[in-house]
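**Student:** Quick one: the structure is below, and I'll ask about it shortly.
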Amino acid sequence: MDAELLLAHVLGVPRSRLLTLDDVPEAEAGRFDALIDQRADRVPLQHLTGRAAFRYLELAVGPGVFVPRPETEQLAGWVLEQLRGIPAPVVVDLGAGSGALALSVAHEHAGARVTAVERDPGAIEWTRHNAAARIAAGDGPVAVIAGDMTDPALLGELNGRVDLVVSNPPYVPDGARVPREVADHDPPMALWGGPDGLDVVRGLLGTAARLLRPGGWLGIEHADQQGSALPALVRAHGAFTDVQDHPDLAGRPRFTTARRVPVPGGAED
Ligand SMILES: C[S@@+](CC[C@H](N)C(=O)[O-])C[C@H]1O[C@@H](n2cnc3c(N)ncnc32)[C@H](O)[C@@H]1O
């Protein structure tokens, strides 16, 4: 599959067209060989093509940014379901990377007012690049903010006004074994989450609780081993209710959702 996608990339044709090819010109064959060598050396396919597909978007990716994963598409789908019927929802994506979540929300919900937060100075260049490309393609603007999702002063102007906070934070426990594509090519800040992988999540819960309006939604992706630990952490925080965990398409625990505790008797109750 990867070989076919690389050949299609080199020739500038869709993969389905490969079946009808009689020949590969020499220059392209040389480029293809070089890419195959790099892939065999565990450079991620998406770094070699420079593109990653995510839901309806094709995002630019490369060294310095986390390659968006198919599992996260389901979290994006859940976000869009919650926003259905809200004409101009305020949405915050904490740890935006390539912008996969934030830009999908802007693409699929025309009225959404989306803010993408990213701490890594290398990664945020990719967030900005992809956000600009989506605006040029006609999507609504996404505000890209350099900041730390655990900072108690982050986005203070949005306190209590956000309809939905979503995050695919770094959640790999320190020292865990990961494939070379991940260890050598995804940025460390995108991966490592402390001894149990949940250090950044602990910080982001306070930020989400502060930003969300009563009844507002929170969605956080996690590792498949964190399907009990993360919901427990969210419940223990105290600011959230309706805590639920959701499996991915392979049936593995993948993301936790919750609602900001509503004000008793309030409109969101
Ligand atoms: C697993 S990646 C997810 C990227 C993207 N949202 C996606 O789903 O593909 C986590 C992202 O969070 C960023 N990040 C890590 N710690 C952060 C923090 N404290 N504040 C803001 N961003 C952070 C990383 O740099 C990385 O881009």
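FYI, nothing fancy with the structure tokens labels: chains A, B, ... in order, residues from 1 per chain, ligands from 1 as they appear.
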Which residues come within 6 Å of A:Pro214, counting only C-alpha atoms, excluding same-chain residues fewer than 6 positions away, as a list in words?
**Tutor:**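 Close residues of A:Pro214: Arg260, Val261 and Pro262 of chain A.
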**Student:** Name all residues at most 8 Å from A:Asp2 (count only C-alpha atoms; drop same-chain ones fewer than 3 positions away) and give them as a PyMOL selection string.
**Tutor:** chain A and resi 5-6+45
**Student:** Output C-alpha atoms for every residue in the selection just made, as a compact mmCIF listing (two decimals), in the first residue's frame.
**Tutor:**
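After the write, result_39.txt holds the following:
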# COMPACT_ATOMS: atom_id res chain seq x y z
CA LEU A 5 0.92 5.55 -2.60
CA LEU A 6 4.53 6.67 -3.04
CA LEU A 45 4.64 7.86 4.61
**Student:** Counting only C-alpha atoms, what is within 12 Å of stretch 15-20 of chain A, bar same-chain residues fewer than 5 positions away, as an NGL selection string?
**Tutor:** :A and (1-10)
**Student:** Do you know which residues are at most 7 Å from A:Arg161 counting only C-alpha atoms, after dropping those on the same chain fewer than 4 positions away, and could you put them as a PyMOL selection string?
**Tutor:** chain A and resi 211-213
**Student:** For the selection just defined, write its residues with C-alpha atoms to a file, as a PDB file, in the first residue's frame.
**Tutor:**
ATOM      1  CA  LEU A 211     -13.483  28.020  29.529  1.00  0.00           C
ATOM      2  CA  LEU A 212     -16.675  25.979  29.151  1.00  0.00           C
ATOM      3  CA  ARG A 213     -20.103  27.483  29.656  1.00  0.00           C
TER       4      ARG A 213
END
**Student:** Taking only residues of chain A that have an atom at most 8 Å from an atom of ligand 1, what is each one's shortest atom pair and its distance in Å to one decimal, using only C-alpha atoms and all ligand atoms, in chain and number order, as CSV?
**Tutor:**
residue,atom,partner,partner_atom_place_in_ligand_line,distance
A:Val65,CA,ligand 1,27 (O),6.2
A:Phe66,CA,ligand 1,2 (S),5.5
A:Val67,CA,ligand 1,9 (O),5.9
A:Pro68,CA,ligand 1,9 (O),3.6
A:Arg69,CA,ligand 1,9 (O),6.3
A:Thr72,CA,ligand 1,8 (O),5.9
A:Asp93,CA,ligand 1,6 (N),7.1
A:Leu94,CA,ligand 1,21 (C),5.9
A:Gly95,CA,ligand 1,12 (O),3.2
A:Ala96,CA,ligand 1,6 (N),3.9
A:Gly97,CA,ligand 1,27 (O),3.4
A:Ser98,CA,ligand 1,5 (C),5.8
A:Gly99,CA,ligand 1,5 (C),5.9
A:Ala100,CA,ligand 1,9 (O),5.3
A:Leu101,CA,ligand 1,6 (N),5.7
A:Ala102,CA,ligand 1,6 (N),7.6
A:Val117,CA,ligand 1,21 (C),5.8
A:Glu118,CA,ligand 1,22 (N),4.0
A:Arg119,CA,ligand 1,21 (C),4.0
A:Asp120,CA,ligand 1,25 (O),4.5
A:Ala123,CA,ligand 1,27 (O),5.7
A:Ile124,CA,ligand 1,27 (O),7.5
A:Ala146,CA,ligand 1,21 (C),7.7
A:Gly147,CA,ligand 1,21 (C),5.7
A:Asp148,CA,ligand 1,20 (N),3.4
A:Met149,CA,ligand 1,20 (N),3.8
A:Thr150,CA,ligand 1,19 (N),5.5
A:Asp151,CA,ligand 1,19 (N),7.7
A:Ser167,CA,ligand 1,6 (N),6.3
A:Asn168,CA,ligand 1,3 (C),4.8
A:Pro169,CA,ligand 1,10 (C),4.4
A:Pro170,CA,ligand 1,1 (C),4.7
A:Tyr171,CA,ligand 1,1 (C),7.3
A:Pro187,CA,ligand 1,25 (O),7.0
A:Pro188,CA,ligand 1,25 (O),7.8
A:Met189,CA,ligand 1,25 (O),4.8
A:Ala190,CA,ligand 1,26 (C),3.7
A:Leu191,CA,ligand 1,1 (C),5.8
A:Val200,CA,ligand 1,19 (N),6.1
A:Gly203,CA,ligand 1,19 (N),7.9
A:Leu204,CA,ligand 1,19 (N),7.8
**Student:** Can you write just those residues out, N, CA and C atoms, as a compact mmCIF listing (two decimals), in the first residue's frame?
**Tutor:**
# COMPACT_ATOMS: atom_id res chain seq x y z
N VAL A 65 5.85 18.31 13.15
CA VAL A 65 4.43 18.26 13.52
C VAL A 65 3.95 16.81 13.59
N PHE A 66 3.02 16.57 14.50
CA PHE A 66 2.41 15.25 14.68
C PHE A 66 1.55 14.92 13.46
N VAL A 67 1.71 13.72 12.94
CA VAL A 67 0.88 13.28 11.81
C VAL A 67 -0.49 12.88 12.36
N PRO A 68 -1.58 13.52 11.89
CA PRO A 68 -2.91 13.16 12.42
C PRO A 68 -3.25 11.71 12.10
N ARG A 69 -3.92 11.05 13.05
CA ARG A 69 -4.22 9.63 12.93
C ARG A 69 -5.70 9.40 12.63
N THR A 72 -8.44 9.66 15.39
CA THR A 72 -8.90 10.98 15.85
C THR A 72 -10.09 11.48 15.03
N ASP A 93 -9.69 24.06 20.42
CA ASP A 93 -8.89 22.84 20.23
C ASP A 93 -7.57 23.06 20.96
N LEU A 94 -7.34 22.24 21.99
CA LEU A 94 -6.11 22.40 22.79
C LEU A 94 -5.06 21.41 22.31
N GLY A 95 -3.94 21.93 21.78
CA GLY A 95 -2.89 21.08 21.21
C GLY A 95 -3.19 20.76 19.77
N ALA A 96 -3.15 21.80 18.92
CA ALA A 96 -3.75 21.69 17.57
C ALA A 96 -2.88 20.95 16.57
N GLY A 97 -1.55 20.99 16.71
CA GLY A 97 -0.66 20.31 15.75
C GLY A 97 -0.93 20.77 14.32
N SER A 98 -1.20 19.82 13.43
CA SER A 98 -1.48 20.14 12.03
C SER A 98 -2.78 20.94 11.88
N GLY A 99 -3.59 20.96 12.94
CA GLY A 99 -4.89 21.64 12.87
C GLY A 99 -6.02 20.68 12.50
N ALA A 100 -5.73 19.38 12.53
CA ALA A 100 -6.70 18.38 12.06
C ALA A 100 -8.09 18.59 12.67
N LEU A 101 -8.16 18.69 14.00
CA LEU A 101 -9.46 18.82 14.66
C LEU A 101 -10.07 20.21 14.41
N ALA A 102 -9.29 21.25 14.70
CA ALA A 102 -9.81 22.62 14.58
C ALA A 102 -10.28 22.90 13.16
N VAL A 117 -5.08 26.11 19.87
CA VAL A 117 -3.96 26.47 20.74
C VAL A 117 -2.83 25.46 20.53
N GLU A 118 -1.62 25.95 20.39
CA GLU A 118 -0.47 25.06 20.22
C GLU A 118 0.73 25.68 20.95
N ARG A 119 1.47 24.82 21.67
CA ARG A 119 2.59 25.31 22.46
C ARG A 119 3.93 25.18 21.73
N ASP A 120 4.06 24.17 20.89
CA ASP A 120 5.35 23.86 20.26
C ASP A 120 5.61 24.86 19.12
N ALA A 123 5.63 23.14 15.70
CA ALA A 123 4.33 22.63 15.26
C ALA A 123 3.39 23.76 14.84
N ILE A 124 3.45 24.88 15.56
CA ILE A 124 2.46 25.93 15.29
C ILE A 124 2.66 26.54 13.89
N ALA A 146 -0.55 30.81 20.13
CA ALA A 146 0.58 30.15 20.78
C ALA A 146 0.33 30.17 22.28
N GLY A 147 0.27 29.01 22.89
CA GLY A 147 0.01 28.99 24.33
C GLY A 147 0.07 27.59 24.89
N ASP A 148 0.04 27.54 26.24
CA ASP A 148 0.13 26.27 26.97
C ASP A 148 -1.26 25.92 27.47
N MET A 149 -1.76 24.74 27.09
CA MET A 149 -3.13 24.37 27.46
C MET A 149 -3.31 24.20 28.97
N THR A 150 -2.22 24.17 29.72
CA THR A 150 -2.34 24.05 31.18
C THR A 150 -2.22 25.40 31.88
N ASP A 151 -2.05 26.48 31.10
CA ASP A 151 -1.84 27.81 31.67
C ASP A 151 -3.16 28.37 32.21
N SER A 167 -9.58 18.05 22.68
CA SER A 167 -8.12 17.93 22.74
C SER A 167 -7.68 16.50 22.43
N ASN A 168 -6.63 16.43 21.63
CA ASN A 168 -5.89 15.18 21.47
C ASN A 168 -4.51 15.48 22.05
N PRO A 169 -4.38 15.38 23.37
CA PRO A 169 -3.16 15.86 24.03
C PRO A 169 -2.05 14.80 23.95
N PRO A 170 -0.83 15.15 24.35
CA PRO A 170 0.19 14.11 24.47
C PRO A 170 -0.20 13.17 25.60
N TYR A 171 -0.25 11.86 25.30
CA TYR A 171 -0.72 10.94 26.35
C TYR A 171 0.09 9.65 26.46
N PRO A 187 6.98 14.87 17.00
CA PRO A 187 7.71 15.72 17.95
C PRO A 187 7.49 15.24 19.39
N PRO A 188 8.52 15.26 20.23
CA PRO A 188 8.39 14.78 21.61
C PRO A 188 7.22 15.43 22.36
N MET A 189 7.01 16.72 22.13
CA MET A 189 5.94 17.40 22.88
C MET A 189 4.55 16.87 22.52
N ALA A 190 4.45 16.23 21.36
CA ALA A 190 3.16 15.68 20.94
C ALA A 190 2.89 14.33 21.57
N LEU A 191 3.92 13.70 22.13
CA LEU A 191 3.80 12.31 22.55
C LEU A 191 3.74 12.14 24.06
N VAL A 200 -0.37 16.11 31.17
CA VAL A 200 -0.92 17.28 30.46
C VAL A 200 -2.45 17.30 30.60
N GLY A 203 -3.59 19.01 33.67
CA GLY A 203 -3.56 20.48 33.53
C GLY A 203 -4.68 20.99 32.65
N LEU A 204 -5.01 20.24 31.62
CA LEU A 204 -6.02 20.77 30.68
C LEU A 204 -7.42 20.73 31.27
**Student:** With only C-alpha atoms as the counted atoms, please give the residues lying no more than 7 Å from A:Val144, apart from itself and same-chain residues fewer than 6 positions off, as an mmCIF file with C-alpha atoms, in the first residue's frame.
**Tutor:**
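Saved as selection24.cif:
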data_model
loop_
_atom_site.group_PDB
_atom_site.id
_atom_site.type_symbol
_atom_site.label_atom_id
_atom_site.label_comp_id
_atom_site.auth_asym_id
_atom_site.auth_seq_id
_atom_site.Cartn_x
_atom_site.Cartn_y
_atom_site.Cartn_z
ATOM 1 C CA THR A 115 -9.597 28.752 18.324
ATOM 2 C CA ALA A 116 -6.598 26.431 17.982
ATOM 3 C CA VAL A 117 -3.964 26.468 20.744
ATOM 4 C CA ARG A 128 -0.763 28.406 10.778
#
**Student:** For atom CA of A:Val105 and atom CA of A:Asp163, determine how far apart the two atoms are, in Å to one decimal place.
**Tutor:**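 Atom CA of A:Asp163 lies 12.8 Å from atom CA of A:Val105.
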**Student:** Hey, what's within 12 Å of A:Arg180 if we count only C-alpha atoms and toss same-chain stuff fewer than 5 positions away? As a list of chain:residue names, please?
**Tutor:**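 The residues that qualify are A:Arg39, A:Ala40, A:Asp41, A:Arg42, A:Val43, A:Pro44, A:His185, A:Asp186.
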**Student:** As a VMD selection string, please: the residues near A:Asp224 (cut-off 9 Å, only C-alpha atoms, same-chain neighbours under 3 positions excluded).
**Tutor:** chain A and resid 227 247 252 to 255
**Student:** Give me, please, the distance in Å between atom CA of A:Leu205 and atom CA of A:Leu249, quoted to one decimal.
**Tutor:**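 Atom CA of A:Leu205 sits 25.8 Å away from atom CA of A:Leu249.
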**Student:** Which residues of stretch 194-268 of chain A have any atom within 9 Å of an atom in stretch 75-91 of chain A when counting only C-alpha atoms, and what is the closest pair of atoms for each, with the distance in Å to one decimal? Order the rows by chain and rising number and write it as JSON lines.
**Tutor:**
{"residue": "A:Trp217", "atom": "CA", "partner": "A:Gln82", "partner_atom": "CA", "distance": 7.7}
{"residue": "A:Leu218", "atom": "CA", "partner": "A:Val79", "partner_atom": "CA", "distance": 8.8}
{"residue": "A:Gly219", "atom": "CA", "partner": "A:Leu75", "partner_atom": "CA", "distance": 7.2}
{"residue": "A:Ile220", "atom": "CA", "partner": "A:Leu75", "partner_atom": "CA", "distance": 7.9}
{"residue": "A:Glu221", "atom": "CA", "partner": "A:Leu75", "partner_atom": "CA", "distance": 7.2}
{"residue": "A:His246", "atom": "CA", "partner": "A:Leu75", "partner_atom": "CA", "distance": 9.0}
{"residue": "A:Asp248", "atom": "CA", "partner": "A:Leu75", "partner_atom": "CA", "distance": 8.8}
{"residue": "A:Arg254", "atom": "CA", "partner": "A:Leu75", "partner_atom": "CA", "distance": 8.5}
{"residue": "A:Phe255", "atom": "CA", "partner": "A:Leu75", "partner_atom": "CA", "distance": 6.9}
